[in-house]
file entry.cif (mmCIF, C-alpha atoms)
data_protein
#
loop_
_atom_site.group_PDB
_atom_site.id
_atom_site.type_symbol
_atom_site.label_atom_id
_atom_site.label_comp_id
_atom_site.auth_asym_id
_atom_site.auth_seq_id
_atom_site.Cartn_x
_atom_site.Cartn_y
_atom_site.Cartn_z
ATOM 1 C CA MET U 1 -0.408 -8.756 16.979
ATOM 2 C CA VAL U 2 -0.772 -9.306 13.247
ATOM 3 C CA GLN U 3 2.517 -9.614 11.401
ATOM 4 C CA LEU U 4 3.013 -7.647 8.193
ATOM 5 C CA ALA U 5 4.064 -10.855 6.456
ATOM 6 C CA THR U 6 0.614 -12.274 7.211
ATOM 7 C CA LEU U 7 -1.067 -9.284 5.562
ATOM 8 C CA ILE U 8 1.193 -9.541 2.526
ATOM 9 C CA ASN U 9 0.429 -13.252 2.255
ATOM 10 C CA LEU U 10 -3.278 -12.450 2.292
ATOM 11 C CA THR U 11 -2.803 -10.224 -0.754
ATOM 12 C CA GLN U 12 -0.780 -12.931 -2.490
ATOM 13 C CA GLN U 13 -3.435 -15.545 -1.751
ATOM 14 C CA PHE U 14 -6.191 -13.351 -3.142
ATOM 15 C CA ILE U 15 -4.345 -12.736 -6.414
ATOM 16 C CA THR U 16 -3.014 -16.283 -6.820
ATOM 17 C CA GLU U 17 -6.368 -18.017 -6.300
ATOM 18 C CA ARG U 18 -7.901 -15.909 -9.084
ATOM 19 C CA ASN U 19 -5.006 -16.299 -11.518
ATOM 20 C CA TRP U 20 -4.477 -12.528 -11.573
ATOM 21 C CA TRP U 21 -0.682 -12.365 -11.460
ATOM 22 C CA GLN U 22 -0.792 -12.255 -15.263
ATOM 23 C CA PHE U 23 -2.035 -8.675 -14.944
ATOM 24 C CA HIS U 24 0.648 -7.622 -12.476
ATOM 25 C CA ASN U 25 4.110 -6.261 -13.165
ATOM 26 C CA PRO U 26 6.168 -3.503 -11.545
ATOM 27 C CA LYS U 27 4.912 -0.794 -13.901
ATOM 28 C CA ASN U 28 1.216 -1.697 -13.671
ATOM 29 C CA ASP U 29 1.383 -2.034 -9.912
ATOM 30 C CA ALA U 30 3.336 1.199 -9.403
ATOM 31 C CA TYR U 31 0.720 3.053 -11.431
ATOM 32 C CA ASN U 32 -2.015 1.342 -9.431
ATOM 33 C CA VAL U 33 -0.407 2.597 -6.205
ATOM 34 C CA LEU U 34 -0.516 6.118 -7.629
ATOM 35 C CA ILE U 35 -4.167 5.784 -8.659
ATOM 36 C CA GLU U 36 -5.231 4.431 -5.268
ATOM 37 C CA ALA U 37 -3.217 7.118 -3.445
ATOM 38 C CA SER U 38 -4.922 9.803 -5.542
ATOM 39 C CA GLU U 39 -8.361 8.460 -4.668
ATOM 40 C CA LEU U 40 -7.425 8.548 -0.988
ATOM 41 C CA ALA U 41 -6.041 12.094 -1.188
ATOM 42 C CA GLU U 42 -9.230 13.285 -2.880
ATOM 43 C CA LEU U 43 -11.219 12.199 0.166
ATOM 44 C CA LEU U 44 -8.891 14.195 2.409
ATOM 45 C CA ILE U 45 -9.435 17.551 0.708
ATOM 46 C CA GLN U 46 -12.123 18.419 3.245
ATOM 47 C CA PRO U 47 -10.613 19.541 6.577
ATOM 48 C CA GLU U 48 -13.409 17.822 8.514
ATOM 49 C CA LEU U 49 -14.560 14.318 7.627
ATOM 50 C CA THR U 50 -18.033 12.928 8.162
ATOM 51 C CA ALA U 51 -18.373 9.447 9.611
ATOM 52 C CA ALA U 52 -19.026 8.102 6.107
ATOM 53 C CA GLN U 53 -15.974 9.885 4.697
ATOM 54 C CA HIS U 54 -13.838 8.602 7.538
ATOM 55 C CA GLN U 55 -14.886 5.025 6.762
ATOM 56 C CA ALA U 56 -14.226 5.618 3.064
ATOM 57 C CA CYS U 57 -10.719 6.792 3.971
ATOM 58 C CA ALA U 58 -10.165 3.622 5.980
ATOM 59 C CA GLU U 59 -11.093 1.490 2.973
ATOM 60 C CA GLU U 60 -8.930 3.540 0.605
ATOM 61 C CA LEU U 61 -5.994 3.234 3.005
ATOM 62 C CA ALA U 62 -6.445 -0.523 2.807
ATOM 63 C CA ASP U 63 -6.554 -0.346 -0.995
ATOM 64 C CA VAL U 64 -3.277 1.570 -1.180
ATOM 65 C CA LEU U 65 -1.655 -0.856 1.248
ATOM 66 C CA SER U 66 -2.830 -3.827 -0.837
ATOM 67 C CA ALA U 67 -1.462 -2.154 -3.967
ATOM 68 C CA ILE U 68 1.944 -1.575 -2.382
ATOM 69 C CA PHE U 69 2.007 -5.173 -1.145
ATOM 70 C CA SER U 70 1.390 -6.581 -4.637
ATOM 71 C CA PHE U 71 3.944 -4.136 -6.055
ATOM 72 C CA SER U 72 6.567 -5.392 -3.632
ATOM 73 C CA VAL U 73 5.836 -9.002 -4.604
ATOM 74 C CA VAL U 74 6.100 -8.493 -8.380
ATOM 75 C CA SER U 75 9.210 -6.341 -7.860
ATOM 76 C CA GLN U 76 10.820 -9.090 -5.740
ATOM 77 C CA LEU U 77 11.214 -6.641 -2.887
ATOM 78 C CA ASN U 78 11.293 -8.046 0.638
ATOM 79 C CA LEU U 79 9.185 -5.259 2.087
ATOM 80 C CA VAL U 80 9.274 -6.416 5.705
ATOM 81 C CA ALA U 81 13.059 -6.687 5.661
ATOM 82 C CA GLN U 82 13.375 -3.233 4.105
ATOM 83 C CA LEU U 83 11.046 -1.696 6.680
ATOM 84 C CA GLU U 84 13.039 -3.286 9.491
ATOM 85 C CA GLN U 85 16.354 -2.210 7.986
ATOM 86 C CA GLN U 86 15.450 1.363 7.059
ATOM 87 C CA LEU U 87 13.556 2.147 10.251
ATOM 88 C CA ASN U 88 15.806 0.299 12.662
ATOM 89 C CA THR U 89 18.812 2.278 11.480
ATOM 90 C CA ARG U 90 17.137 5.185 13.287
ATOM 91 C CA SER U 91 16.119 3.198 16.348
ATOM 92 C CA ASN U 92 17.468 0.816 18.971
ATOM 93 C CA ALA U 93 14.510 -1.464 18.359
ATOM 94 C CA SER U 94 14.987 -4.780 16.619
ATOM 95 C CA TYR U 95 12.200 -6.958 15.279
ATOM 96 C CA SER U 96 12.746 -10.317 13.661
ATOM 97 C CA GLN U 97 9.140 -10.480 12.424
ATOM 98 C CA LEU U 98 7.600 -7.041 12.210
ATOM 99 C CA SER U 99 3.969 -6.636 13.240
ATOM 100 C CA TYR U 100 1.759 -3.711 12.279
ATOM 101 C CA THR U 101 1.692 -2.527 15.899
ATOM 102 C CA GLU U 102 5.487 -2.534 16.041
ATOM 103 C CA LEU U 103 5.670 -0.711 12.721
ATOM 104 C CA LYS U 104 3.261 1.961 13.951
ATOM 105 C CA THR U 105 5.346 2.435 17.088
ATOM 106 C CA LEU U 106 8.493 2.893 15.005
ATOM 107 C CA VAL U 107 6.832 5.396 12.690
ATOM 108 C CA VAL U 108 5.238 7.465 15.453
ATOM 109 C CA ASN U 109 8.373 7.509 17.608
ATOM 110 C CA GLN U 110 10.522 8.508 14.647
ATOM 111 C CA SER U 111 8.062 10.890 13.011
ATOM 112 C CA ALA U 112 10.424 13.866 13.267
ATOM 113 C CA LEU U 113 13.376 11.954 11.805
ATOM 114 C CA LEU U 114 11.165 10.567 9.050
ATOM 115 C CA GLY U 115 9.970 14.051 8.089
ATOM 116 C CA LEU U 116 6.403 13.278 9.126
ATOM 117 C CA ALA U 117 6.030 15.638 12.076
ATOM 118 C CA GLN U 118 5.640 18.577 9.701
ATOM 119 C CA LEU U 119 2.703 16.797 8.070
ATOM 120 C CA ALA U 120 0.282 17.646 10.845
ATOM 121 C CA THR U 121 -3.037 17.164 9.047
ATOM 122 C CA PRO U 122 -4.476 14.299 6.985
ATOM 123 C CA THR U 123 -4.768 16.649 3.998
ATOM 124 C CA GLN U 124 -1.046 17.370 4.114
ATOM 125 C CA VAL U 125 -0.208 13.682 4.410
ATOM 126 C CA GLY U 126 -2.498 12.872 1.479
ATOM 127 C CA LEU U 127 -0.756 15.388 -0.775
ATOM 128 C CA SER U 128 2.657 14.129 0.278
ATOM 129 C CA LEU U 129 1.510 10.550 -0.344
ATOM 130 C CA ILE U 130 0.637 11.412 -3.953
ATOM 131 C CA PHE U 131 4.113 12.892 -4.367
ATOM 132 C CA GLN U 132 5.728 9.734 -2.993
ATOM 133 C CA ALA U 133 3.568 7.488 -5.181
ATOM 134 C CA GLY U 134 4.395 9.622 -8.209
ATOM 135 C CA ARG U 135 8.107 9.230 -7.534
ATOM 136 C CA LEU U 136 7.654 5.456 -7.440
ATOM 137 C CA ALA U 137 5.669 5.403 -10.692
ATOM 138 C CA ASP U 138 8.256 7.649 -12.349
ATOM 139 C CA LEU U 139 10.824 4.855 -12.071
ATOM 140 C CA PHE U 140 8.817 2.976 -14.709
ATOM 141 C CA ASN U 141 8.019 5.824 -17.072
ATOM 142 C CA TRP U 142 8.374 4.701 -20.714
ATOM 143 C CA GLN U 143 8.831 1.071 -19.636
ATOM 144 C CA ASN U 144 6.673 -1.783 -20.885
ATOM 145 C CA ALA U 145 5.511 -4.707 -18.774
ATOM 146 C CA ALA U 146 8.539 -6.865 -19.546
ATOM 147 C CA SER U 147 11.192 -4.165 -19.242
ATOM 148 C CA SER U 148 9.711 -2.941 -15.963
ATOM 149 C CA VAL U 149 10.827 -6.184 -14.310
ATOM 150 C CA ALA U 150 14.451 -5.562 -15.243
ATOM 151 C CA ARG U 151 14.036 -1.907 -14.316
ATOM 152 C CA ALA U 152 12.848 -2.868 -10.833
ATOM 153 C CA GLN U 153 15.925 -5.014 -10.276
ATOM 154 C CA ALA U 154 18.280 -2.337 -11.601
ATOM 155 C CA GLN U 155 16.719 0.334 -9.380
ATOM 156 C CA MET U 156 16.132 -1.824 -6.301
ATOM 157 C CA THR U 157 17.872 0.524 -3.850
ATOM 158 C CA VAL U 158 15.859 3.563 -4.929
ATOM 159 C CA LEU U 159 12.706 1.484 -5.350
ATOM 160 C CA SER U 160 12.941 0.053 -1.833
ATOM 161 C CA HIS U 161 13.403 3.504 -0.299
ATOM 162 C CA ARG U 162 10.402 4.958 -2.128
ATOM 163 C CA THR U 163 8.238 1.962 -1.294
ATOM 164 C CA VAL U 164 9.087 2.244 2.392
ATOM 165 C CA GLN U 165 8.252 5.959 2.272
ATOM 166 C CA ILE U 166 4.779 5.147 0.979
ATOM 167 C CA VAL U 167 4.156 2.581 3.715
ATOM 168 C CA VAL U 168 5.383 5.036 6.347
ATOM 169 C CA HIS U 169 2.997 7.680 5.019
ATOM 170 C CA LEU U 170 0.086 5.222 5.173
ATOM 171 C CA VAL U 171 0.866 4.285 8.769
ATOM 172 C CA TRP U 172 1.227 7.944 9.789
ATOM 173 C CA LEU U 173 -2.029 8.880 8.083
ATOM 174 C CA ALA U 174 -3.866 6.017 9.775
ATOM 175 C CA TYR U 175 -2.415 7.175 13.089
ATOM 176 C CA LEU U 176 -3.669 10.738 12.550
ATOM 177 C CA LEU U 177 -7.105 9.475 11.558
ATOM 178 C CA LYS U 178 -7.199 7.034 14.494
ATOM 179 C CA ILE U 179 -7.661 4.083 12.132
ATOM 180 C CA ASP U 180 -6.318 0.620 12.884
ATOM 181 C CA LEU U 181 -5.002 -0.098 9.417
ATOM 182 C CA SER U 182 -4.264 -3.759 10.102
ATOM 183 C CA VAL U 183 -7.898 -4.343 11.066
ATOM 184 C CA GLU U 184 -9.258 -2.295 8.169
ATOM 185 C CA PHE U 185 -6.989 -4.106 5.736
ATOM 186 C CA GLN U 186 -8.225 -7.517 6.836
ATOM 187 C CA GLN U 187 -11.841 -6.367 6.658
ATOM 188 C CA LYS U 188 -11.359 -4.923 3.160
ATOM 189 C CA MET U 189 -9.665 -8.106 1.970
ATOM 190 C CA ALA U 190 -12.522 -10.193 3.381
ATOM 191 C CA LYS U 191 -14.894 -7.959 1.425
ATOM 192 C CA ASN U 192 -12.838 -8.469 -1.737
ATOM 193 C CA PHE U 193 -12.832 -12.239 -1.256
ATOM 194 C CA ARG U 194 -16.643 -12.126 -1.189
ATOM 195 C CA LYS U 195 -16.929 -9.660 -4.065
ATOM 196 C CA PHE U 196 -14.736 -11.728 -6.377
ATOM 197 C CA PRO U 197 -15.516 -15.435 -5.774
ATOM 198 C CA VAL U 198 -12.717 -17.717 -6.965
ATOM 199 C CA ALA U 199 -14.918 -19.736 -9.318
ATOM 200 C CA GLN U 200 -16.382 -16.686 -11.049
ATOM 201 C CA ALA U 201 -13.340 -14.380 -11.047
ATOM 202 C CA GLN U 202 -10.712 -16.495 -12.783
ATOM 203 C CA GLY U 203 -8.419 -14.556 -15.118
ATOM 204 C CA ASP U 204 -10.077 -11.645 -16.892
ATOM 205 C CA ASN U 205 -13.561 -12.702 -15.724
ATOM 206 C CA TRP U 206 -13.087 -10.175 -12.910
ATOM 207 C CA LEU U 207 -13.804 -7.408 -15.428
ATOM 208 C CA ALA U 208 -17.361 -8.620 -15.946
ATOM 209 C CA ILE U 209 -17.921 -8.727 -12.182
ATOM 210 C CA LYS U 210 -16.517 -5.230 -11.723
ATOM 211 C CA ASP U 211 -18.519 -3.819 -14.639
ATOM 212 C CA GLY U 212 -21.658 -5.399 -13.209
ATOM 213 C CA LEU U 213 -21.046 -3.726 -9.841
ATOM 214 C CA ARG U 214 -20.788 -0.330 -11.564
ATOM 215 C CA GLN U 215 -24.190 -0.627 -13.262
#
call {"tool": "encode", "arguments": {"input": "entry.cif", "output": "structure tokens"}}
result
Amino acid sequence: MVQLATLINLTQQFITERNWWQFHNPKNDAYNVLIEASELAELLIQPELTAAQHQACAEELADVLSAIFSFSVVSQLNLVAQLEQQLNTRSNASYSQLSYTELKTLVVNQSALLGLAQLATPTQVGLSLIFQAGRLADLFNWQNAASSVARAQAQMTVLSHRTVQIVVHLVWLAYLLKIDLSVEFQQKMAKNFRKFPVAQAQGDNWLAIKDGLRQ
């Protein structure tokens, strides 16, 4: 079973090797979570997904998860500890090192208590995910990059709750779509490692690579 800490470390490695932390701060990353969540929700408007749309959803799920991981790092939030604490208060389970499989079990078993059972379709979960991501981004409204760091520390209790809610929504959505998010995340990160080679993607050089891919 893959531990969540391992997945978070993969995100950190990807950003660190390319000297990209200079572009990350709580505000930028919270807004990125909202953008990625919106792209995912747009795919879920259709009640029935084609095979291609289903795969696109899997990749977007991975993108949102990566965004929330980097947000937790720049906000100095111990995401694994918060997931264990907030979910285990509603369960007899206890995990010293939470894996994705264990997290999914917690979320599914506690879906009613977590308010997820009423979100019976992927479309409903997608809309609720945007709401949750918007609430996170709202914490940093009118903040600049520097002040958002202090804001994150001052609002850590609220921030941690809203971040956990987003992760829970992602896990529930993956469960409804029958997607193994831990596998999809690792595959998407492997794709990103290839897309942005360390030597060519240092600092803001990534913009040239991304612009070239769009042409």
call {"tool": "closest_residue", "arguments": {"input": "entry.cif", "among": "U:Gln86, U:Leu65, U:Trp172, U:Leu159", "to": "Ala117 in chain U", "atoms": "only C-alpha atoms"}}
result
U:Trp172
call {"tool": "atom_distance", "arguments": {"input": "entry.cif", "atom1": "CA of Lys27 in chain U", "atom2": "CA of Gln143 in chain U"}}
result
7.2 Å
call {"tool": "residues_near_point", "arguments": {"input": "entry.cif", "point": "(-0.1, -6.3, -0.7)", "cutoff": "8 Å", "atoms": "all atoms listed in the file", "output": "CSV table (one decimal) with C-alpha atoms, in the coordinates of the input"}}
result
chain,number,residue,atom,x,y,z
U,7,LEU,CA,-1.1,-9.3,5.6
U,8,ILE,CA,1.2,-9.5,2.5
U,9,ASN,CA,0.4,-13.3,2.3
U,10,LEU,CA,-3.3,-12.4,2.3
U,11,THR,CA,-2.8,-10.2,-0.8
U,12,GLN,CA,-0.8,-12.9,-2.5
U,65,LEU,CA,-1.7,-0.9,1.2
U,66,SER,CA,-2.8,-3.8,-0.8
U,67,ALA,CA,-1.5,-2.2,-4.0
U,68,ILE,CA,1.9,-1.6,-2.4
U,69,PHE,CA,2.0,-5.2,-1.1
U,70,SER,CA,1.4,-6.6,-4.6
U,71,PHE,CA,3.9,-4.1,-6.1
U,72,SER,CA,6.6,-5.4,-3.6
U,73,VAL,CA,5.8,-9.0,-4.6
call {"tool": "atom_distance", "arguments": {"input": "entry.cif", "atom1": "CA of Leu116 in chain U", "atom2": "CA of Lys104 in chain U"}}
result
12.7 Å
call {"tool": "residues_around", "arguments": {"input": "entry.cif", "residues": "Tyr31 in chain U", "least_positions_apart": "3", "cutoff": "12 Å", "atoms": "all atoms listed in the file", "output": "PyMOL selection string"}}
result
chain U and resi 24-28+34-38+64+67-68+70-71+130+132-141+143+145+148
call {"tool": "residues_around", "arguments": {"input": "entry.cif", "residues": "His169 in chain U", "least_positions_apart": "2", "cutoff": "9 Å", "atoms": "all atoms listed in the file", "output": "list in words"}}
result
Val107, Leu116, Val125, Gly126, Ser128, Leu129, Gln132, Val164, Gln165, Ile166, Val167, Val171, Trp172, Leu173 and Ala174 of chain U
call {"tool": "closest_residue", "arguments": {"input": "entry.cif", "among": "U:Leu181, U:Leu103, U:Leu79, U:Ala208", "to": "Thr163 in chain U", "atoms": "all atoms listed in the file"}}
result
U:Leu79
call {"tool": "resolve_selection", "arguments": {"input": "entry.cif", "expression": "the PyMOL selection byres ((chain U and resi 81) around 10)", "output": "list in words"}}
result
Ala5, Leu77, Asn78, Leu79, Val80, Gln82, Leu83, Glu84, Gln85, Gln86, Leu87, Tyr95, Ser96, Gln97 and Leu98 of chain U
call {"tool": "write_last_selection", "arguments": {"input": "entry.cif", "atoms": "C-alpha atoms", "output": "PDB file, in the coordinates of the input"}}
result
ATOM      1  CA  ALA U   5       4.064 -10.855   6.456  1.00  0.00           C
ATOM      2  CA  LEU U  77      11.214  -6.641  -2.887  1.00  0.00           C
ATOM      3  CA  ASN U  78      11.293  -8.046   0.638  1.00  0.00           C
ATOM      4  CA  LEU U  79       9.185  -5.259   2.087  1.00  0.00           C
ATOM      5  CA  VAL U  80       9.274  -6.416   5.705  1.00  0.00           C
ATOM      6  CA  GLN U  82      13.375  -3.233   4.105  1.00  0.00           C
ATOM      7  CA  LEU U  83      11.046  -1.696   6.680  1.00  0.00           C
ATOM      8  CA  GLU U  84      13.039  -3.286   9.491  1.00  0.00           C
ATOM      9  CA  GLN U  85      16.354  -2.210   7.986  1.00  0.00           C
ATOM     10  CA  GLN U  86      15.450   1.363   7.059  1.00  0.00           C
ATOM     11  CA  LEU U  87      13.556   2.147  10.251  1.00  0.00           C
ATOM     12  CA  TYR U  95      12.200  -6.958  15.279  1.00  0.00           C
ATOM     13  CA  SER U  96      12.746 -10.317  13.661  1.00  0.00           C
ATOM     14  CA  GLN U  97       9.140 -10.480  12.424  1.00  0.00           C
ATOM     15  CA  LEU U  98       7.600  -7.041  12.210  1.00  0.00           C
TER      16      LEU U  98
END
call {"tool": "closest_residue", "arguments": {"input": "entry.cif", "among": "U:Val168, U:Glu60, U:Gln186, U:Ile45", "to": "Gln110 in chain U", "atoms": "only C-alpha atoms"}}
result
U:Val168
call {"tool": "closest_residue", "arguments": {"input": "entry.cif", "among": "U:Ala30, U:Met1, U:Leu127, U:Leu106", "to": "Glu42 in chain U", "atoms": "all atoms listed in the file"}}
result
U:Leu127
call {"tool": "atom_distance", "arguments": {"input": "entry.cif", "atom1": "CA of Glu102 in chain U", "atom2": "CA of Pro47 in chain U"}}
result
28.9 Å
call {"tool": "closest_residue", "arguments": {"input": "entry.cif", "among": "U:Gln53, U:Thr157, U:Gln200, U:Ser182", "to": "Ser75 in chain U", "atoms": "only C-alpha atoms"}}
result
U:Thr157
call {"tool": "closest_residue", "arguments": {"input": "entry.cif", "among": "U:Ala41, U:Ala51, U:Ala201, U:Ala112", "to": "Ile15 in chain U", "atoms": "all atoms listed in the file"}}
result
U:Ala201
call {"tool": "residues_around", "arguments": {"input": "entry.cif", "residues": "range 19-23 of chain U", "least_positions_apart": "6", "cutoff": "8 Å", "atoms": "all atoms listed in the file", "output": "number ranges by chain"}}
result
U: 202-204
call {"tool": "build_atoms", "arguments": {"input": "entry.cif", "residues": "range 138-168 of chain U", "atoms": "N, CA and C atoms", "output": "short mmCIF file (atom, residue, chain, number, x, y, z; two decimals), in the frame of the given file"}}
result
data_model
loop_
_atom_site.label_atom_id
_atom_site.label_comp_id
_atom_site.auth_asym_id
_atom_site.auth_seq_id
_atom_site.Cartn_x
_atom_site.Cartn_y
_atom_site.Cartn_z
N ASP U 138 7.32 7.04 -11.41
CA ASP U 138 8.26 7.65 -12.35
C ASP U 138 9.42 6.73 -12.69
N LEU U 139 9.75 5.80 -11.79
CA LEU U 139 10.82 4.86 -12.07
C LEU U 139 10.51 4.00 -13.30
N PHE U 140 9.23 3.87 -13.62
CA PHE U 140 8.82 2.98 -14.71
C PHE U 140 8.24 3.74 -15.90
N ASN U 141 8.48 5.03 -15.94
CA ASN U 141 8.02 5.82 -17.07
C ASN U 141 8.70 5.35 -18.35
N TRP U 142 7.90 5.16 -19.40
CA TRP U 142 8.37 4.70 -20.71
C TRP U 142 8.83 3.24 -20.71
N GLN U 143 8.53 2.50 -19.66
CA GLN U 143 8.83 1.07 -19.64
C GLN U 143 7.59 0.28 -20.05
N ASN U 144 7.80 -0.89 -20.66
CA ASN U 144 6.67 -1.78 -20.88
C ASN U 144 6.64 -2.83 -19.77
N ALA U 145 5.67 -3.73 -19.86
CA ALA U 145 5.51 -4.71 -18.77
C ALA U 145 6.76 -5.53 -18.56
N ALA U 146 7.37 -6.00 -19.66
CA ALA U 146 8.54 -6.86 -19.55
C ALA U 146 9.76 -6.10 -19.05
N SER U 147 9.99 -4.92 -19.62
CA SER U 147 11.19 -4.16 -19.24
C SER U 147 11.09 -3.61 -17.83
N SER U 148 9.86 -3.47 -17.32
CA SER U 148 9.71 -2.94 -15.96
C SER U 148 10.25 -3.90 -14.91
N VAL U 149 10.28 -5.20 -15.24
CA VAL U 149 10.83 -6.18 -14.31
C VAL U 149 12.33 -5.98 -14.15
N ALA U 150 13.01 -5.82 -15.29
CA ALA U 150 14.45 -5.56 -15.24
C ALA U 150 14.74 -4.21 -14.61
N ARG U 151 13.88 -3.25 -14.89
CA ARG U 151 14.04 -1.91 -14.32
C ARG U 151 13.94 -1.96 -12.79
N ALA U 152 13.01 -2.74 -12.28
CA ALA U 152 12.85 -2.87 -10.83
C ALA U 152 14.11 -3.42 -10.19
N GLN U 153 14.71 -4.42 -10.83
CA GLN U 153 15.92 -5.01 -10.28
C GLN U 153 17.09 -4.03 -10.33
N ALA U 154 17.18 -3.28 -11.44
CA ALA U 154 18.28 -2.34 -11.60
C ALA U 154 18.18 -1.16 -10.64
N GLN U 155 16.95 -0.82 -10.25
CA GLN U 155 16.72 0.33 -9.38
C GLN U 155 16.26 -0.08 -7.99
N MET U 156 16.66 -1.27 -7.54
CA MET U 156 16.13 -1.82 -6.30
C MET U 156 16.40 -0.94 -5.09
N THR U 157 17.56 -0.32 -5.01
CA THR U 157 17.87 0.52 -3.85
C THR U 157 16.93 1.72 -3.77
N VAL U 158 16.77 2.41 -4.89
CA VAL U 158 15.86 3.56 -4.93
C VAL U 158 14.42 3.10 -4.75
N LEU U 159 14.07 2.02 -5.42
CA LEU U 159 12.71 1.48 -5.35
C LEU U 159 12.33 1.12 -3.92
N SER U 160 13.24 0.47 -3.20
CA SER U 160 12.94 0.05 -1.83
C SER U 160 12.74 1.26 -0.92
N HIS U 161 13.55 2.30 -1.12
CA HIS U 161 13.40 3.50 -0.30
C HIS U 161 12.05 4.18 -0.55
N ARG U 162 11.66 4.29 -1.80
CA ARG U 162 10.40 4.96 -2.13
C ARG U 162 9.20 4.14 -1.69
N THR U 163 9.33 2.82 -1.76
CA THR U 163 8.24 1.96 -1.29
C THR U 163 8.06 2.09 0.22
N VAL U 164 9.15 2.09 0.94
CA VAL U 164 9.09 2.24 2.39
C VAL U 164 8.47 3.60 2.75
N GLN U 165 8.82 4.64 2.02
CA GLN U 165 8.25 5.96 2.27
C GLN U 165 6.73 5.95 2.14
N ILE U 166 6.23 5.23 1.16
CA ILE U 166 4.78 5.15 0.98
C ILE U 166 4.13 4.43 2.15
N VAL U 167 4.71 3.32 2.57
CA VAL U 167 4.16 2.58 3.72
C VAL U 167 4.17 3.45 4.97
N VAL U 168 5.26 4.15 5.18
CA VAL U 168 5.38 5.04 6.35
C VAL U 168 4.30 6.11 6.32
#
